[in-house]
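These notes concern the structure reproduced below.
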Amino acid sequence: MIAAWCWDLIEPYLKRNLVNRGVAHPTRRQVLEEFVSVWPEFTATIGVQEPWAGTIRFKWLVRLSSSEMAPLLDDPTGWLAARYGGGKFKLNLHHGLHFVSTRNFKPEGDPRWSEAPALDL
């Protein structure tokens, strides 16, 4: 089972994949089968906005495989706050090298992410 907010982000991608393979009007079953097929190859990359040279940039903090995402998907704001504190976070979903979608989160609290090492992308 996947969180509804996440399904809303990836369903258009799944349908587009099927249409691109010649399925003009994918059924719900076909979309679910596509999900089962591609989900193991999904990753989530999380970054946070940080001030830099009079503007902002993203400090990328972590990349999670689909098998590691369940706690994040169940409560993204709570997961981010517990792990990194407050801030303006961006979650990017990828299927392999393909960008799928993004969603922003803004948990309250003191920013503890500044001590976290940046992900080398």
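Naming works like this for the structure tokens: A, B, ... for the chains as they're shown, residue 1 at the start of each chain, ligands 1 onward in shown order.
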
Checklist entry - What's the 12 Å shell around A:Arg63, counting only C-alpha atoms, without same-chain residues fewer than 6 positions away, as a list in words? => result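 The residues that qualify are Phe42, Thr43, Ala44, Thr45, Ile46, Gly47, Met69, Leu72, Lys90, Leu91, Asn92, Leu93, His94, Ala118, Leu119, Asp120 and Leu121 of chain A.
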
Checklist entry - If you count only C-alpha atoms, which residues fall within 12 Å of stretch 24-29 of chain A, apart from same-chain ones fewer than 4 positions away, as a VMD selection string? => result chain A and resid 11 to 20 33 to 36

Since we have the selection now, will you write its residues out, keeping C-alpha atoms, as a tab-separated table (two decimals), in the first residue's frame?
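Output contents, as saved in selection_12.tsv:
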chain	number	residue	atom	x	y	z
A	11	GLU	CA	-0.08	7.91	-11.10
A	12	PRO	CA	0.28	10.36	-14.05
A	13	TYR	CA	3.78	8.98	-14.69
A	14	LEU	CA	2.48	5.40	-14.67
A	15	LYS	CA	-0.32	6.25	-17.09
A	16	ARG	CA	2.08	8.11	-19.37
A	17	ASN	CA	4.39	5.06	-19.46
A	18	LEU	CA	1.50	2.86	-20.55
A	19	VAL	CA	0.29	5.33	-23.19
A	20	ASN	CA	3.84	5.57	-24.55
A	33	GLU	CA	0.40	-3.63	-12.60
A	34	GLU	CA	2.72	-0.91	-13.91
A	35	PHE	CA	3.19	0.36	-10.35
A	36	VAL	CA	4.15	-3.12	-9.10

Item to check | Atomic distance atom CA of A:Arg112 - atom CA of A:Leu80, expressed in Å with one decimal | outcome: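 Computed distance, atom CA of A:Arg112 to atom CA of A:Leu80, equals 10.2 Å.
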
Next on the checklist: For the structure I just gave you, how does DSSP split stretch 31-69 of chain A - specifically, which residues are strand (DSSP E)? Reply as a ChimeraX atom specification.
Outcome noted: /A:42-52,55-65

Mind dumping the selected residues with C-alpha atoms as a compact mmCIF listing (two decimals), in the first residue's frame?
# COMPACT_ATOMS: atom_id res chain seq x y z
CA PHE A 42 11.97 4.22 -7.46
CA THR A 43 14.05 6.50 -5.26
CA ALA A 44 13.25 9.56 -3.20
CA THR A 45 15.84 12.31 -2.86
CA ILE A 46 15.33 14.87 -0.11
CA GLY A 47 16.85 18.33 -0.10
CA VAL A 48 16.45 21.40 2.04
CA GLN A 49 16.64 25.06 1.07
CA GLU A 50 19.71 26.74 2.52
CA PRO A 51 20.83 30.34 2.19
CA TRP A 52 23.80 30.72 -0.11
CA THR A 55 20.06 33.48 -2.62
CA ILE A 56 19.11 29.87 -1.84
CA ARG A 57 20.26 26.49 -3.02
CA PHE A 58 19.28 22.95 -2.13
CA LYS A 59 21.41 20.91 0.19
CA TRP A 60 20.64 17.29 -0.74
CA LEU A 61 20.46 15.20 2.41
CA VAL A 62 19.45 11.64 1.59
CA ARG A 63 18.39 9.30 -1.20
CA LEU A 64 16.06 6.48 -0.19
CA SER A 65 15.24 3.35 -2.16

Item to check | Nearest to A:Phe89 by atom-to-atom distance, counting only C-alpha atoms, from A:Asp74, A:Gln30, A:Glu108, A:Ile10 | outcome: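 Of the candidates, the smallest distance to A:Phe89 is held by A:Glu108.
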
Would you give me, as a compact mmCIF listing (two decimals) with N, CA and C atoms, in the first residue's frame, the residues in stretch 30-121 of chain A that DSSP reads as alpha helix (DSSP H)?
# COMPACT_ATOMS: atom_id res chain seq x y z
N GLN A 30 -4.26 -2.09 -15.14
CA GLN A 30 -3.00 -1.90 -15.86
C GLN A 30 -2.08 -0.91 -15.14
N VAL A 31 -2.66 0.15 -14.61
CA VAL A 31 -1.87 1.14 -13.87
C VAL A 31 -1.28 0.50 -12.61
N LEU A 32 -2.07 -0.29 -11.91
CA LEU A 32 -1.57 -0.97 -10.70
C LEU A 32 -0.47 -1.98 -11.05
N GLU A 33 -0.63 -2.69 -12.15
CA GLU A 33 0.40 -3.63 -12.60
C GLU A 33 1.69 -2.88 -12.95
N GLU A 34 1.55 -1.74 -13.59
CA GLU A 34 2.72 -0.91 -13.91
C GLU A 34 3.42 -0.45 -12.63
N PHE A 35 2.63 -0.06 -11.64
CA PHE A 35 3.19 0.36 -10.35
C PHE A 35 4.02 -0.78 -9.74
N VAL A 36 3.44 -1.96 -9.69
CA VAL A 36 4.15 -3.12 -9.10
C VAL A 36 5.45 -3.38 -9.86
N SER A 37 5.43 -3.18 -11.15
CA SER A 37 6.59 -3.42 -11.98
C SER A 37 7.71 -2.40 -11.75
N VAL A 38 7.37 -1.12 -11.62
CA VAL A 38 8.40 -0.08 -11.56
C VAL A 38 8.77 0.37 -10.14
N ALA A 70 8.88 3.64 3.41
CA ALA A 70 7.60 3.50 4.11
C ALA A 70 7.41 4.49 5.26
N PRO A 71 8.36 4.64 6.19
CA PRO A 71 8.14 5.61 7.28
C PRO A 71 7.98 7.05 6.77
N LEU A 72 8.74 7.41 5.75
CA LEU A 72 8.63 8.74 5.15
C LEU A 72 7.27 8.94 4.50
N LEU A 73 6.81 7.96 3.76
CA LEU A 73 5.53 8.08 3.05
C LEU A 73 4.35 8.12 4.01
N ASP A 74 4.47 7.40 5.14
CA ASP A 74 3.38 7.38 6.12
C ASP A 74 3.17 8.73 6.80
N PRO A 76 5.34 12.17 6.16
CA PRO A 76 6.53 12.89 5.66
C PRO A 76 6.96 14.05 6.55
N THR A 77 6.03 14.85 7.01
CA THR A 77 6.39 16.01 7.84
C THR A 77 6.98 15.54 9.16
N GLY A 78 6.37 14.55 9.79
CA GLY A 78 6.88 14.01 11.05
C GLY A 78 8.24 13.36 10.88
N TRP A 79 8.42 12.60 9.78
CA TRP A 79 9.70 11.94 9.52
C TRP A 79 10.80 12.98 9.33
N LEU A 80 10.52 14.00 8.52
CA LEU A 80 11.51 15.06 8.29
C LEU A 80 11.85 15.81 9.58
N ALA A 81 10.83 16.16 10.35
CA ALA A 81 11.05 16.90 11.60
C ALA A 81 11.88 16.07 12.58
N ALA A 82 11.59 14.79 12.70
CA ALA A 82 12.32 13.93 13.63
C ALA A 82 13.78 13.75 13.22
N ARG A 83 14.01 13.69 11.93
CA ARG A 83 15.36 13.42 11.44
C ARG A 83 16.20 14.69 11.23
N TYR A 84 15.56 15.75 10.72
CA TYR A 84 16.31 16.93 10.31
C TYR A 84 15.84 18.24 10.95

Item to check | Pick from A:Gly96, A:Trp39, A:Ser101, A:Gly109, whichever lies nearest to A:Leu9 using only C-alpha atoms | outcome: A:Ser101
